[in-house]
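Reproduced below: work19.cif, with mmCIF, C-alpha atoms.
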```
data_input
#
loop_
_atom_site.label_atom_id
_atom_site.label_comp_id
_atom_site.auth_asym_id
_atom_site.auth_seq_id
_atom_site.Cartn_x
_atom_site.Cartn_y
_atom_site.Cartn_z
CA GLU A 1 -12.31 16.78 39.52
CA VAL A 2 -11.52 13.79 37.33
CA GLN A 3 -9.17 11.33 38.99
CA LEU A 4 -7.79 7.99 37.89
CA VAL A 5 -5.84 5.90 40.38
CA GLU A 6 -4.04 2.74 39.34
CA SER A 7 -3.16 0.00 41.80
CA GLY A 8 -1.98 -3.59 41.85
CA GLY A 9 1.52 -3.22 40.46
CA GLY A 10 4.54 -4.94 41.91
CA LEU A 11 7.22 -7.57 41.38
CA VAL A 12 6.09 -10.79 39.72
CA GLN A 13 7.92 -13.77 38.29
CA PRO A 14 7.84 -14.59 34.58
CA GLY A 15 4.86 -16.70 33.63
CA ARG A 16 2.76 -15.53 36.56
CA SER A 17 -0.34 -13.33 36.57
CA LEU A 18 -1.20 -9.91 37.94
CA ARG A 19 -4.34 -7.79 37.93
CA LEU A 20 -4.21 -4.02 37.81
CA SER A 21 -7.11 -1.81 38.83
CA CYS A 22 -7.96 1.72 37.77
CA THR A 23 -10.38 3.46 40.12
CA ALA A 24 -12.11 6.47 38.59
CA SER A 25 -13.90 9.42 40.14
CA GLY A 26 -15.21 12.83 39.14
CA PHE A 27 -17.11 11.72 36.02
CA THR A 28 -19.75 9.24 34.89
CA PHE A 29 -17.46 6.27 34.41
CA GLY A 30 -19.96 4.21 32.45
CA ASP A 31 -20.16 6.82 29.69
CA TYR A 32 -16.52 6.51 28.68
CA ALA A 33 -14.16 4.07 27.03
CA MET A 34 -11.00 3.42 29.03
CA THR A 35 -7.59 2.40 27.92
CA TRP A 36 -4.27 1.15 29.26
CA VAL A 37 -0.94 2.51 28.06
CA ARG A 38 2.46 1.31 29.28
CA GLN A 39 5.96 2.70 29.32
CA ALA A 40 9.02 0.51 29.79
CA PRO A 41 11.88 2.10 31.76
CA GLY A 42 13.55 4.79 29.65
CA MET A 43 11.36 3.98 26.67
CA GLY A 44 8.37 5.48 24.87
CA LEU A 45 4.65 4.99 25.28
CA GLU A 46 3.04 1.76 24.10
CA TRP A 47 -0.69 1.32 23.70
CA VAL A 48 -1.92 -1.83 25.44
CA GLY A 49 -5.64 -1.93 24.82
CA LEU A 50 -9.04 -0.42 25.42
CA ILE A 51 -12.55 -1.23 26.57
CA ARG A 52 -15.50 0.64 25.15
CA SER A 53 -18.47 1.74 27.18
CA LYS A 54 -21.47 -0.55 27.63
CA ALA A 55 -23.31 1.60 25.09
CA TYR A 56 -20.83 0.14 22.59
CA GLY A 57 -21.02 -3.35 23.98
CA ALA A 58 -18.03 -2.99 26.34
CA THR A 59 -16.00 -4.49 23.52
CA THR A 60 -12.22 -4.63 23.73
CA GLU A 61 -9.21 -4.16 21.47
CA TYR A 62 -5.62 -5.14 22.20
CA ALA A 63 -2.14 -4.52 20.92
CA ALA A 64 -0.63 -7.51 19.12
CA SER A 65 2.08 -7.75 21.79
CA VAL A 66 -0.44 -8.59 24.53
CA LYS A 67 -3.36 -10.14 22.66
CA GLY A 68 -4.30 -13.49 24.14
CA ARG A 69 -2.42 -12.79 27.39
CA PHE A 70 -4.04 -9.59 28.68
CA THR A 71 -7.73 -8.94 29.29
CA ILE A 72 -9.39 -5.62 30.01
CA SER A 73 -12.71 -5.50 31.85
CA ARG A 74 -14.81 -2.95 33.67
CA ASP A 75 -17.18 -2.72 36.62
CA ASP A 76 -19.29 0.37 36.08
CA SER A 77 -21.01 -0.03 39.45
CA LYS A 78 -17.63 0.49 41.14
CA SER A 79 -16.11 2.83 38.51
CA ILE A 80 -13.15 0.50 38.07
CA ALA A 81 -11.34 -0.73 34.98
CA TYR A 82 -9.16 -3.81 35.23
CA LEU A 83 -6.16 -5.14 33.35
CA GLN A 84 -5.68 -8.87 33.88
CA MET A 85 -2.19 -9.86 32.80
CA ASN A 86 -1.40 -13.55 32.37
CA GLY A 87 1.74 -15.27 31.18
CA LEU A 88 3.86 -12.26 32.05
CA LYS A 89 7.19 -11.82 30.30
CA THR A 90 10.21 -9.76 31.29
CA GLU A 91 9.41 -7.41 28.42
CA ASP A 92 6.10 -6.54 30.10
CA THR A 93 8.07 -4.63 32.74
CA ALA A 94 6.73 -1.07 32.59
CA VAL A 95 4.74 1.65 34.25
CA TYR A 96 1.11 1.01 33.36
CA TYR A 97 -1.16 4.02 32.95
CA CYS A 98 -4.92 4.00 32.80
CA THR A 99 -6.52 6.76 30.75
CA ARG A 100 -9.97 7.99 29.84
CA ILE A 101 -10.82 8.21 26.16
CA ASP A 102 -12.80 11.13 24.78
CA GLY A 103 -13.78 10.26 21.22
CA TYR A 104 -11.62 7.90 19.18
CA ASN A 105 -8.13 8.86 20.27
CA SER A 106 -8.11 11.63 22.85
CA TYR A 107 -6.70 10.40 26.14
CA ASP A 108 -7.71 13.39 28.17
CA TYR A 109 -7.06 12.14 31.71
CA TRP A 110 -4.29 9.86 32.93
CA GLY A 111 -3.58 8.16 36.21
CA GLN A 112 -0.23 8.43 37.95
CA GLY A 113 0.79 4.96 36.77
CA THR A 114 1.69 1.74 38.57
CA LEU A 115 4.99 -0.09 38.09
CA VAL A 116 4.98 -3.74 37.09
CA THR A 117 8.32 -5.52 37.27
CA VAL A 118 8.57 -8.99 35.79
CA SER A 119 11.70 -10.69 37.01
CA SER A 120 12.84 -13.94 38.55
CA GLN B 121 2.57 -2.70 13.46
CA SER B 122 5.61 -0.41 13.78
CA ALA B 123 5.52 2.78 15.80
CA LEU B 124 4.88 6.08 14.08
CA THR B 125 8.12 7.79 13.10
CA GLN B 126 9.25 10.85 15.07
CA PRO B 127 12.66 12.51 15.29
CA ALA B 128 14.50 11.46 18.41
CA SER B 129 15.26 15.04 19.38
CA VAL B 130 14.65 18.66 18.44
CA SER B 131 15.86 21.85 20.01
CA GLY B 132 15.19 25.56 19.91
CA SER B 133 15.92 28.76 21.74
CA PRO B 134 13.41 30.61 23.90
CA GLY B 135 10.97 32.56 21.77
CA GLN B 136 11.60 30.50 18.66
CA SER B 137 9.19 28.06 16.98
CA ILE B 138 9.80 24.36 16.43
CA THR B 139 7.88 21.67 14.59
CA ILE B 140 7.85 17.96 15.38
CA PHE B 141 6.81 15.63 12.57
CA CYS B 142 5.07 12.28 12.96
CA THR B 143 4.99 9.97 9.96
CA GLY B 144 2.70 6.99 9.59
CA THR B 145 0.83 5.30 6.79
CA SER B 146 -2.52 5.47 5.04
CA SER B 147 -3.77 2.92 7.59
CA ASP B 148 -3.28 5.28 10.50
CA VAL B 149 -2.22 8.94 10.26
CA GLY B 150 -3.25 9.33 6.63
CA GLY B 151 -6.52 7.51 6.98
CA TYR B 152 -8.11 9.23 9.96
CA ASN B 153 -8.28 12.66 11.55
CA TYR B 154 -7.61 11.09 14.94
CA VAL B 155 -4.06 12.15 15.65
CA SER B 156 -3.18 13.27 19.16
CA TRP B 157 -0.06 14.76 20.73
CA TYR B 158 1.09 14.30 24.33
CA GLN B 159 3.66 16.11 26.44
CA GLN B 160 5.51 14.21 29.15
CA HIS B 161 7.82 15.71 31.71
CA PRO B 162 10.28 13.39 33.51
CA GLY B 163 8.57 11.20 36.08
CA LYS B 164 5.12 12.51 35.20
CA ALA B 165 2.12 11.12 33.35
CA PRO B 166 1.60 12.30 29.78
CA LYS B 167 -0.64 15.29 29.12
CA LEU B 168 -2.91 15.69 26.12
CA MET B 169 -1.87 18.75 24.09
CA ILE B 170 -3.62 18.27 20.73
CA CYS B 171 -6.41 15.91 19.67
CA ASP B 172 -8.17 15.18 16.41
CA VAL B 173 -5.17 16.61 14.50
CA THR B 174 -5.83 20.28 15.29
CA LYS B 175 -7.97 20.61 18.44
CA ARG B 176 -6.51 22.09 21.58
CA PRO B 177 -8.07 20.88 24.88
CA SER B 178 -9.18 23.48 27.36
CA GLY B 179 -6.24 24.86 29.31
CA VAL B 180 -3.59 24.12 26.71
CA SER B 181 -1.66 27.17 25.56
CA ASN B 182 -2.45 28.47 22.08
CA ARG B 183 1.29 28.32 21.42
CA PHE B 184 0.67 24.66 20.60
CA SER B 185 -0.89 23.79 17.24
CA GLY B 186 -1.31 20.69 15.12
CA SER B 187 -1.76 19.89 11.47
CA LYS B 188 -1.60 17.01 9.01
CA SER B 189 -0.66 16.48 5.39
CA GLY B 190 -1.02 13.05 3.88
CA ASN B 191 0.58 10.46 6.15
CA THR B 192 2.47 13.03 8.23
CA ALA B 193 1.17 14.97 11.20
CA SER B 194 2.99 17.81 12.88
CA LEU B 195 3.05 19.64 16.19
CA THR B 196 4.25 23.23 16.21
CA ILE B 197 5.23 25.06 19.38
CA SER B 198 5.65 28.79 18.97
CA GLY B 199 7.28 31.20 21.40
CA LEU B 200 9.30 28.41 23.05
CA GLN B 201 9.53 28.58 26.81
CA ALA B 202 11.75 26.71 29.24
CA GLU B 203 8.73 24.81 30.57
CA ASP B 204 8.13 23.31 27.12
CA GLU B 205 11.22 21.14 27.52
CA ALA B 206 9.79 17.62 27.66
CA ASP B 207 9.19 14.49 25.62
CA TYR B 208 6.45 14.66 23.00
CA TYR B 209 4.54 11.71 21.58
CA CYS B 210 2.12 11.51 18.68
CA SER B 211 -0.53 8.84 18.42
CA SER B 212 -3.05 7.78 15.82
CA TYR B 213 -6.14 5.64 15.53
CA THR B 214 -5.61 2.80 13.06
CA SER B 215 -7.61 0.76 10.57
CA SER B 216 -7.41 -2.18 13.01
CA SER B 217 -9.39 -0.16 15.59
CA THR B 218 -6.23 0.05 17.69
CA VAL B 219 -3.99 2.98 18.54
CA ILE B 220 -0.33 3.42 17.77
CA PHE B 221 2.16 5.82 19.34
CA GLY B 222 5.24 7.45 17.91
CA GLY B 223 8.64 6.72 19.38
CA GLY B 224 8.77 10.09 21.10
CA THR B 225 10.75 13.30 20.58
CA LYS B 226 12.87 14.96 23.23
CA LEU B 227 12.55 18.74 23.03
CA THR B 228 15.44 20.73 24.43
CA VAL B 229 15.05 24.46 25.02
CA LEU B 230 18.54 25.90 24.66
#
```

structure tokens encoding of this file:
Amino acid sequence: EVQLVESGGGLVQPGRSLRLSCTASGFTFGDYAMTWVRQAPGMGLEWVGLIRSKAYGATTEYAASVKGRFTISRDDSKSIAYLQMNGLKTEDTAVYYCTRIDGYNSYDYWGQGTLVTVSS
Amino acid sequence: QSALTQPASVSGSPGQSITIFCTGTSSDVGGYNYVSWYQQHPGKAPKLMICDVTKRPSGVSNRFSGSKSGNTASLTISGLQAEDEADYYCSSYTSSSTVIFGGGTKLTVL
């Protein structure tokens, strides 16, 4: 059974950093691109970024709203994807979901999400 | 890049059909057959309902179907059921190699 479990969320002050983890199981993690999607309270889904599989160079893409502040990485030996968030802003407050990508734009499995609250 | 345009809400009675439209540009919806639709119930993670414009993942009811014309994609739900009441989001691959979501549509089953 495919499972994605996010961790690392919490309360953080503006300007600080936080690293989220997405631990995967039930599939060959290294074969898939992974992505992060967030949802601010009461709002819609916002794409954050993705990391391709090593077969595609483990290259990354980011939304304009987080580019230069957020970094996605992966450790295929541990089946974990990471989201390093630096220079956090209050508008980054959201539930962060990790998802598996099948193809170009099919997010077929989602984690339960982890809440990040940026507040002083 | 602005979000794809979806109606804020739609409604229908049990047994009826409804269609949710998702409008983008030639740089996203119109340029690629990589439109997906997601269903989200309150407090839950989204669920993939349609991918690659028309494909239905295993386990998704055949009451759900997708299509596209030009820069507008659509999700049709036939034979509405109470359990279909949820938020629905479209998404598209873009010419910048990123992904963009729609603002979401709240479906109410009357």

Next on the checklist: Please check the contacts: residues of chain A at most 8 Å away from chain B, using all atoms listed in the file, listed as a VMD selection string.
Outcome noted: chain A and resid 44 to 47 49 61 to 63 97 104 to 113

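Residue nearest A:Arg74 within the list A:Gly8, A:Gln39, A:Thr23, A:Ser120: A:Thr23 [criterion: smallest interatomic distance, only C-alpha atoms].
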
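Those DNA, RNA and protein residues that approach the point (-0.3, 27.6, 27.4) to within 12 Å, considering all atoms listed in the file, are Met169, Ile170, Arg176, Pro177, Ser178, Gly179, Val180, Ser181, Asn182, Arg183, Phe184, Ser185, Ile197, Ser198, Gly199, Leu200, Gln201, Glu203 and Asp204 of chain B.
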
Item to check | Spatial neighbours of A:Ser7, 9 Å, all atoms listed in the file, chain gap at least 2 places, as a PyMOL selection string | outcome: chain A and resi 5+9+19-23+113-115

Item to check | Expected selection from the PyMOL selection byres ((chain A and resi 59) around 12), given as a list in words | outcome: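 Checked against the file, the PyMOL selection byres ((chain A and resi 59) around 12) matches Ala33, Met34, Thr35, Gly49, Leu50, Ile51, Arg52, Ser53, Lys54, Ala55, Tyr56, Gly57, Ala58, Thr60, Glu61, Tyr62, Thr71, Ile72, Ser73 and Arg74 of chain A; Ser217 of chain B.
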
Next on the checklist: Using Å and a single decimal, report how far atom CA of B:Ser194 sits from atom CA of B:Thr174.
Outcome noted: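 Distance reported for this atom pair: 9.5 Å.
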
Item to check | B:Thr228, B:Thr145, B:Gln136, B:Ser215 ranked by distance to B:Ser122, top pick (using all atoms listed in the file) | outcome: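 Looking at the shortest contact to B:Ser122, the residue is B:Thr145.
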
Next on the checklist: Can you spell out as a list in words the set of residues that the PyMOL selection byres ((chain B and resi 190) around 9) selects in the structure I just provided?
Outcome noted: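 The output of the PyMOL selection byres ((chain B and resi 190) around 9) on this file is Thr145, Ser146, Val149, Gly150, Gly151, Lys188, Ser189, Asn191, Thr192 and Ala193 of chain B.
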
Keeping C-alpha atoms for every residue in the selection just given, could you write it to a file as a short mmCIF file (atom, residue, chain, number, x, y, z; two decimals), keeping the file's coordinate frame?
```
data_model
loop_
_atom_site.label_atom_id
_atom_site.label_comp_id
_atom_site.auth_asym_id
_atom_site.auth_seq_id
_atom_site.Cartn_x
_atom_site.Cartn_y
_atom_site.Cartn_z
CA THR B 145 0.83 5.30 6.79
CA SER B 146 -2.52 5.47 5.04
CA VAL B 149 -2.22 8.94 10.26
CA GLY B 150 -3.25 9.33 6.63
CA GLY B 151 -6.52 7.51 6.98
CA LYS B 188 -1.60 17.01 9.01
CA SER B 189 -0.66 16.48 5.39
CA ASN B 191 0.58 10.46 6.15
CA THR B 192 2.47 13.03 8.23
CA ALA B 193 1.17 14.97 11.20
#
```

Exercise on stretch 220-223 of chain B, axis-aligned box with 4 Å per side, report centre and edge lengths in Å to one decimal, as JSON:
```
{"center_x": 4.2, "center_y": 5.4, "center_z": 18.6, "size_x": 17.0, "size_y": 12.0, "size_z": 9.6}
```

Next on the checklist: Could you tell me how far atom CA of A:Cys98 sits from atom CA of A:Lys67, in Å to one decimal place?
Outcome noted: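 We find that atom CA of A:Lys67 and atom CA of A:Cys98 lie 17.5 Å from each other.
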
Checklist entry - If you measure from atom CA of B:Gln159 to atom CA of B:Ser187, what distance in Å do you get, rounded to one decimal? => result 16.4 Å

Checklist entry - Near A:Thr90, counting all atoms listed in the file, which residues have an atom at most 7 Å away, once you skip same-chain residues fewer than 2 positions from it, shown as a list in words? => result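 In the requested form, the answer reads Pro14, Leu88, Asp92, Thr93, Val118 and Ser119 of chain A.
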
Checklist entry - Looking at all atoms listed in the file, which of B:Glu205, B:Lys226, B:His161, B:Leu124 is the one that sits closest to B:Ser147? => result B:Leu124

Checklist entry - Hey, which of A:Gly30, A:Leu18, A:Val2, A:Ser25 ends up closest to A:Ser77? Count all atoms listed in the file. => result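 Looking at the shortest contact to A:Ser77, the residue is A:Gly30.
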